[in-house]
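Trainee: Can you keep this structure in mind? I'll have questions shortly.
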Amino acid sequence: MAVIIPQRYKLKLLPETTEVAIKMIKEDFQKRLSQALNLRRVTAPLFVLKGTGLNDDLNGIERPVTFKVKEMDDREAEVVHSLAKWKRMKLGSYGIDPGFGLYTDMNAIRPDDKLDNLHSIYVDQWDWEQTIREEDRTLDYLKKTVRKIYKAVKETERAVYDNFPHITPRLPEEITFIHSQDLLDRYPDLSPKEREKEAVKEYGAIFLIGIGSKLSDGKPHDGRAPDYDDWITINSDGKTGLNGDIILYDSILDVPFELSSMGIRVSPESLEKQLSICGQETRKNLQFHKALIEGELPYSIGGGIGQSRLCMYLLQKAHIGEVQASLWPSEQIDLCAKAGITLL
């Protein structure tokens with residue numbers, strides 16, 4: 001996505017007041033999220049050792065930032081992409097009961113990400129994970145969890161309005177669930193992002209189910225690594241996938257705005273199937289994968305919710321650089337400045 005300069009963009013908060021609002025949003029939302037999903041905060045790593053299988057591969061093509069640790073015989077470490085697998089191991093080591101879980105502040109560097117209104121090489125999100133029972137690995141449980149998260153977002157949106165009444169709420173009362181195959185059936189001539197835009201403009205907020213498995217056109221809606229979300233299991237709707245994305249309509253930029261990627265995590269059986277589909281069976285010998293296949297890890301559901309993304313959306317900003325400090329090309333900084341968009 002090229003940088004979008006919205007017409008007649010109006011700055012609703014000065015940078016100094018924006019900093020106050022960011023703090024309020026982060027404190028308010030994480031409290032609501034932890035209460036809604038019974039989560040406790042834990043400390044998370046910024047980096048993990050290479051070769052353990054703990055780092056996440058996202059779409060499978062992003063390069064992690066790596067460095068050698070002198071006091072560990074120059075073993076290589078990687079800055080995390082996210083903490084999906086690490087969180088699941090932590091659930092097991094802490095012995096957290098079903099229905100309860102943990103969350104953490106996850107900070108990452110993704111140097112391969114494009115730099116535009118929504119994307120930065122600096123990623124900050126609330127990574128969360130909840131222990132579930134095997135019988136909870138259902139579409140109904142996934143939807144119930146999504147509704148709880150959406151309610152927390154709505155309540156924080158209201159808190160923003162209470163503090164800054166000129167920032168009026170724009171989210172619909174309910175989030176709409178739609179499967180990626182249904183989206184393809186509805187808009188067969190559009191690209192995945194174009195399909196998302198049509199659907200989210202209609203509904204205002206959607207949860208797009210089933211991301212990672214091939215659709216009827218032989219392509220997945222989007223890529224997913226094979227070893228955290230379950231995108232191969234047939235759900236109660238008769239379609240594949242127990243995962244998805246929370247996507248909001250951003251009326252400032254007129255684009256689909258992905259807030260969260262989440263899902264019920266792979267079982268030992270679905271992990272092996274997905275590794276086979278992706279031609280990555282050798283991963284079964286890694287620390288995380290061996291523990292999961294041998295039944296040493298709990299069943300779980302989890303995801304990540306963008307912190308800067310949430311602040312950007314709720315404060316109705318035009319660029320993620322208005323709510324986080326990162327690096328941007330000089331041309332992009334100049335372009336934004338001319339339009340009254342101040343990057344931190």
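Within each chain, counting starts at residue 1; across the structure tokens, chains are named A, B, ... in the order shown, with ligands numbered 1 upward in that order.
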Mind listing the strand (DSSP E) residues of region 56-161 of chain A, per DSSP on the backbone, as a ChimeraX atom specification?
Mentor: /A:66-69,75-79,101-109,122-131
Trainee: Take the selection from the previous step and output its residues with C-alpha atoms, as a PDB file, in the first residue's frame.
Mentor:
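Writing done, so here's out_14.pdb:
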```pdb
ATOM      1  CA  THR A  66      19.802 -11.802  14.286  1.00  0.00           C
ATOM      2  CA  PHE A  67      22.917 -11.303  16.371  1.00  0.00           C
ATOM      3  CA  LYS A  68      25.607 -13.431  18.023  1.00  0.00           C
ATOM      4  CA  VAL A  69      25.907 -13.718  21.799  1.00  0.00           C
ATOM      5  CA  ARG A  75      25.299 -18.681  19.386  1.00  0.00           C
ATOM      6  CA  GLU A  76      22.834 -16.775  17.247  1.00  0.00           C
ATOM      7  CA  ALA A  77      19.763 -15.123  18.746  1.00  0.00           C
ATOM      8  CA  GLU A  78      16.765 -13.678  16.926  1.00  0.00           C
ATOM      9  CA  VAL A  79      14.593 -10.698  17.797  1.00  0.00           C
ATOM     10  CA  GLY A 101      -4.259 -17.253  30.461  1.00  0.00           C
ATOM     11  CA  LEU A 102      -1.592 -14.623  30.132  1.00  0.00           C
ATOM     12  CA  TYR A 103      -0.721 -11.520  28.151  1.00  0.00           C
ATOM     13  CA  THR A 104       2.406  -9.498  27.618  1.00  0.00           C
ATOM     14  CA  ASP A 105       3.778  -6.419  25.912  1.00  0.00           C
ATOM     15  CA  MET A 106       5.472  -7.733  22.795  1.00  0.00           C
ATOM     16  CA  ASN A 107       8.001  -5.554  20.984  1.00  0.00           C
ATOM     17  CA  ALA A 108       9.499  -6.662  17.694  1.00  0.00           C
ATOM     18  CA  ILE A 109      11.510  -5.456  14.731  1.00  0.00           C
ATOM     19  CA  TYR A 122       8.699  -1.444  14.887  1.00  0.00           C
ATOM     20  CA  VAL A 123       5.856  -3.656  16.087  1.00  0.00           C
ATOM     21  CA  ASP A 124       4.223  -3.339  19.496  1.00  0.00           C
ATOM     22  CA  GLN A 125       1.285  -5.489  20.462  1.00  0.00           C
ATOM     23  CA  TRP A 126      -0.453  -7.219  23.311  1.00  0.00           C
ATOM     24  CA  ASP A 127       0.324 -10.894  22.815  1.00  0.00           C
ATOM     25  CA  TRP A 128      -2.130 -13.068  24.725  1.00  0.00           C
ATOM     26  CA  GLU A 129      -2.761 -16.781  25.157  1.00  0.00           C
ATOM     27  CA  GLN A 130      -5.470 -18.696  27.015  1.00  0.00           C
ATOM     28  CA  THR A 131      -5.528 -22.355  28.013  1.00  0.00           C
TER      29      THR A 131
END
```
Trainee: Please identify all polymer residues within 8 Å of Ala84 (chain A), counting only C-alpha atoms, omitting same-chain residues fewer than 4 positions from it, and present them as a ChimeraX atom specification.
Mentor: /A:56,88,127,129,228,302-303
Trainee: If you count only C-alpha atoms, which residues fall within 12 Å of Tyr187 (chain A), apart from same-chain ones fewer than 5 positions away, as an mmCIF file with all heavy atoms, in the first residue's frame?
Mentor:
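Contents of out-v3.cif, as written:
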```
data_model
loop_
_atom_site.group_PDB
_atom_site.id
_atom_site.type_symbol
_atom_site.label_atom_id
_atom_site.label_comp_id
_atom_site.auth_asym_id
_atom_site.auth_seq_id
_atom_site.Cartn_x
_atom_site.Cartn_y
_atom_site.Cartn_z
ATOM 1 N N SER A 180 -13.418 -16.656 4.734
ATOM 2 C CA SER A 180 -12.672 -16.184 3.564
ATOM 3 C C SER A 180 -13.185 -16.819 2.266
ATOM 4 O O SER A 180 -13.120 -16.198 1.203
ATOM 5 C CB SER A 180 -11.170 -16.455 3.742
ATOM 6 O OG SER A 180 -10.936 -17.817 4.050
ATOM 7 N N GLN A 181 -13.709 -18.050 2.343
ATOM 8 C CA GLN A 181 -14.277 -18.676 1.140
ATOM 9 C C GLN A 181 -15.555 -17.956 0.709
ATOM 10 O O GLN A 181 -15.796 -17.758 -0.487
ATOM 11 C CB GLN A 181 -14.574 -20.154 1.389
ATOM 12 C CG GLN A 181 -15.158 -20.891 0.183
ATOM 13 C CD GLN A 181 -14.234 -20.888 -1.021
ATOM 14 O OE1 GLN A 181 -13.077 -21.303 -0.922
ATOM 15 N NE2 GLN A 181 -14.720 -20.413 -2.172
ATOM 16 N N ASP A 182 -16.383 -17.553 1.688
ATOM 17 C CA ASP A 182 -17.597 -16.801 1.365
ATOM 18 C C ASP A 182 -17.251 -15.473 0.713
ATOM 19 O O ASP A 182 -17.963 -15.007 -0.190
ATOM 20 C CB ASP A 182 -18.419 -16.560 2.633
ATOM 21 C CG ASP A 182 -18.957 -17.851 3.222
ATOM 22 O OD1 ASP A 182 -19.194 -18.792 2.448
ATOM 23 O OD2 ASP A 182 -19.120 -17.918 4.455
ATOM 24 N N PRO A 192 -7.656 -10.449 -2.604
ATOM 25 C CA PRO A 192 -8.026 -10.616 -1.194
ATOM 26 C C PRO A 192 -8.224 -9.295 -0.456
ATOM 27 O O PRO A 192 -9.199 -9.137 0.290
ATOM 28 C CB PRO A 192 -6.852 -11.413 -0.625
ATOM 29 C CG PRO A 192 -6.390 -12.245 -1.780
ATOM 30 C CD PRO A 192 -6.537 -11.344 -2.970
ATOM 31 N N LYS A 193 -7.318 -8.329 -0.630
ATOM 32 C CA LYS A 193 -7.453 -7.045 0.061
ATOM 33 C C LYS A 193 -8.663 -6.269 -0.445
ATOM 34 O O LYS A 193 -9.337 -5.577 0.330
ATOM 35 C CB LYS A 193 -6.178 -6.214 -0.107
ATOM 36 C CG LYS A 193 -5.019 -6.711 0.739
ATOM 37 C CD LYS A 193 -5.368 -6.722 2.213
ATOM 38 C CE LYS A 193 -4.259 -7.314 3.067
ATOM 39 N NZ LYS A 193 -4.684 -7.459 4.493
ATOM 40 N N GLU A 194 -8.953 -6.388 -1.736
ATOM 41 C CA GLU A 194 -10.135 -5.718 -2.283
ATOM 42 C C GLU A 194 -11.412 -6.343 -1.730
ATOM 43 O O GLU A 194 -12.398 -5.641 -1.447
ATOM 44 C CB GLU A 194 -10.115 -5.791 -3.805
ATOM 45 C CG GLU A 194 -9.039 -4.916 -4.444
ATOM 46 C CD GLU A 194 -8.868 -5.169 -5.933
ATOM 47 O OE1 GLU A 194 -9.232 -6.281 -6.399
ATOM 48 O OE2 GLU A 194 -8.357 -4.277 -6.630
ATOM 49 N N ARG A 195 -11.403 -7.673 -1.560
ATOM 50 C CA ARG A 195 -12.559 -8.343 -0.951
ATOM 51 C C ARG A 195 -12.777 -7.857 0.477
ATOM 52 O O ARG A 195 -13.906 -7.587 0.914
ATOM 53 C CB ARG A 195 -12.349 -9.857 -0.936
ATOM 54 C CG ARG A 195 -12.337 -10.539 -2.281
ATOM 55 C CD ARG A 195 -11.986 -12.008 -2.107
ATOM 56 N NE ARG A 195 -11.095 -12.457 -3.161
ATOM 57 C CZ ARG A 195 -10.192 -13.407 -3.033
ATOM 58 N NH1 ARG A 195 -10.052 -14.043 -1.879
ATOM 59 N NH2 ARG A 195 -9.441 -13.754 -4.045
ATOM 60 N N GLU A 196 -11.669 -7.785 1.234
ATOM 61 C CA GLU A 196 -11.755 -7.305 2.611
ATOM 62 C C GLU A 196 -12.371 -5.908 2.664
ATOM 63 O O GLU A 196 -13.223 -5.625 3.507
ATOM 64 C CB GLU A 196 -10.360 -7.271 3.246
ATOM 65 C CG GLU A 196 -9.767 -8.631 3.562
ATOM 66 C CD GLU A 196 -8.389 -8.512 4.188
ATOM 67 O OE1 GLU A 196 -7.991 -7.376 4.569
ATOM 68 O OE2 GLU A 196 -7.692 -9.540 4.305
ATOM 69 N N LYS A 197 -11.928 -5.059 1.751
ATOM 70 C CA LYS A 197 -12.426 -3.680 1.762
ATOM 71 C C LYS A 197 -13.923 -3.628 1.502
ATOM 72 O O LYS A 197 -14.659 -2.894 2.185
ATOM 73 C CB LYS A 197 -11.680 -2.834 0.723
ATOM 74 C CG LYS A 197 -12.096 -1.372 0.730
ATOM 75 C CD LYS A 197 -11.252 -0.537 -0.222
ATOM 76 C CE LYS A 197 -11.677 0.923 -0.196
ATOM 77 N NZ LYS A 197 -10.844 1.771 -1.082
ATOM 78 N N GLU A 198 -14.393 -4.395 0.536
ATOM 79 C CA GLU A 198 -15.826 -4.384 0.237
ATOM 80 C C GLU A 198 -16.642 -4.846 1.444
ATOM 81 O O GLU A 198 -17.667 -4.243 1.781
ATOM 82 C CB GLU A 198 -16.114 -5.280 -0.970
ATOM 83 C CG GLU A 198 -15.581 -4.745 -2.289
ATOM 84 C CD GLU A 198 -16.174 -3.415 -2.678
ATOM 85 O OE1 GLU A 198 -17.405 -3.240 -2.499
ATOM 86 O OE2 GLU A 198 -15.414 -2.534 -3.145
ATOM 87 N N ALA A 199 -16.169 -5.919 2.097
ATOM 88 C CA ALA A 199 -16.920 -6.470 3.226
ATOM 89 C C ALA A 199 -16.889 -5.541 4.430
ATOM 90 O O ALA A 199 -17.914 -5.307 5.082
ATOM 91 C CB ALA A 199 -16.360 -7.839 3.600
ATOM 92 N N ASP A 217 -10.131 -21.238 -5.305
ATOM 93 C CA ASP A 217 -9.309 -20.799 -6.440
ATOM 94 C C ASP A 217 -7.884 -21.330 -6.362
ATOM 95 O O ASP A 217 -7.029 -20.975 -7.172
ATOM 96 C CB ASP A 217 -9.300 -19.268 -6.535
ATOM 97 C CG ASP A 217 -8.655 -18.595 -5.326
ATOM 98 O OD1 ASP A 217 -8.327 -19.311 -4.352
ATOM 99 O OD2 ASP A 217 -8.483 -17.359 -5.354
#
```
Trainee: Quick one: which region 267-337 of chain A residues come within 10 Å of region 155-174 of chain A, and what is the nearest atom pair for each with the distance in Å to one decimal, counting only C-alpha atoms, rows ordered by chain and ascending number, as a tab-separated table?
Mentor:
```
residue	atom	partner	partner_atom	distance
A:Leu310	CA	A:Glu157	CA	9.5
A:Cys311	CA	A:Glu157	CA	9.7
A:Tyr313	CA	A:Glu157	CA	9.3
A:Leu314	CA	A:Glu157	CA	6.0
A:Leu315	CA	A:Ile167	CA	6.9
A:Gln316	CA	A:Ile167	CA	7.5
```
Trainee: For the residues selected in the previous step, produce a file with all heavy atoms as an mmCIF file, in the first residue's frame.
Mentor:
```cif
data_model
loop_
_atom_site.group_PDB
_atom_site.id
_atom_site.type_symbol
_atom_site.label_atom_id
_atom_site.label_comp_id
_atom_site.auth_asym_id
_atom_site.auth_seq_id
_atom_site.Cartn_x
_atom_site.Cartn_y
_atom_site.Cartn_z
ATOM 1 N N LEU A 310 -4.216 0.102 17.584
ATOM 2 C CA LEU A 310 -5.415 0.466 18.337
ATOM 3 C C LEU A 310 -5.439 1.962 18.627
ATOM 4 O O LEU A 310 -6.477 2.619 18.467
ATOM 5 C CB LEU A 310 -5.483 -0.326 19.641
ATOM 6 C CG LEU A 310 -6.726 -0.061 20.506
ATOM 7 C CD1 LEU A 310 -7.991 -0.533 19.792
ATOM 8 C CD2 LEU A 310 -6.608 -0.732 21.872
ATOM 9 N N CYS A 311 -4.289 2.510 19.037
ATOM 10 C CA CYS A 311 -4.221 3.951 19.316
ATOM 11 C C CYS A 311 -4.491 4.762 18.059
ATOM 12 O O CYS A 311 -5.224 5.763 18.088
ATOM 13 C CB CYS A 311 -2.853 4.300 19.896
ATOM 14 S SG CYS A 311 -2.540 3.615 21.535
ATOM 15 N N TYR A 313 -6.253 3.917 15.418
ATOM 16 C CA TYR A 313 -7.651 3.824 15.021
ATOM 17 C C TYR A 313 -8.542 4.651 15.940
ATOM 18 O O TYR A 313 -9.379 5.437 15.477
ATOM 19 C CB TYR A 313 -8.115 2.371 15.010
ATOM 20 C CG TYR A 313 -9.529 2.229 14.487
ATOM 21 C CD1 TYR A 313 -9.767 2.083 13.126
ATOM 22 C CD2 TYR A 313 -10.617 2.277 15.345
ATOM 23 C CE1 TYR A 313 -11.063 1.988 12.633
ATOM 24 C CE2 TYR A 313 -11.912 2.187 14.866
ATOM 25 C CZ TYR A 313 -12.130 2.040 13.509
ATOM 26 O OH TYR A 313 -13.416 1.965 13.022
ATOM 27 N N LEU A 314 -8.375 4.481 17.256
ATOM 28 C CA LEU A 314 -9.272 5.146 18.195
ATOM 29 C C LEU A 314 -9.064 6.652 18.240
ATOM 30 O O LEU A 314 -9.997 7.403 18.543
ATOM 31 C CB LEU A 314 -9.105 4.547 19.598
ATOM 32 C CG LEU A 314 -9.518 3.081 19.760
ATOM 33 C CD1 LEU A 314 -9.392 2.655 21.211
ATOM 34 C CD2 LEU A 314 -10.939 2.838 19.257
ATOM 35 N N LEU A 315 -7.850 7.118 17.939
ATOM 36 C CA LEU A 315 -7.578 8.560 17.917
ATOM 37 C C LEU A 315 -7.779 9.151 16.526
ATOM 38 O O LEU A 315 -7.544 10.331 16.304
ATOM 39 C CB LEU A 315 -6.161 8.836 18.415
ATOM 40 C CG LEU A 315 -5.895 8.428 19.872
ATOM 41 C CD1 LEU A 315 -4.456 8.712 20.248
ATOM 42 C CD2 LEU A 315 -6.856 9.139 20.815
ATOM 43 N N GLN A 316 -8.186 8.286 15.591
ATOM 44 C CA GLN A 316 -8.518 8.691 14.222
ATOM 45 C C GLN A 316 -7.353 9.418 13.553
ATOM 46 O O GLN A 316 -7.507 10.509 12.985
ATOM 47 C CB GLN A 316 -9.811 9.517 14.224
ATOM 48 C CG GLN A 316 -10.989 8.714 14.771
ATOM 49 C CD GLN A 316 -12.313 9.432 14.762
ATOM 50 O OE1 GLN A 316 -12.464 10.459 14.109
ATOM 51 N NE2 GLN A 316 -13.286 8.897 15.485
#
```
Trainee: Which one of A:Pro6, A:Pro256, A:Pro226, A:Gly244 sits closest to Arg283 (chain A) if you count only C-alpha atoms?
Mentor: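 Result for the nearest residue to Arg283 (chain A): A:Pro226.
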Trainee: Would you list the contacts of Ile264 (chain A) as a VMD selection string, taking every protein, DNA or RNA residue within 7 Å and counting only C-alpha atoms, but skipping same-chain residues closer than 4 positions in sequence?
Mentor: chain A and resid 137 142 229 to 230 242 to 243 300 to 302
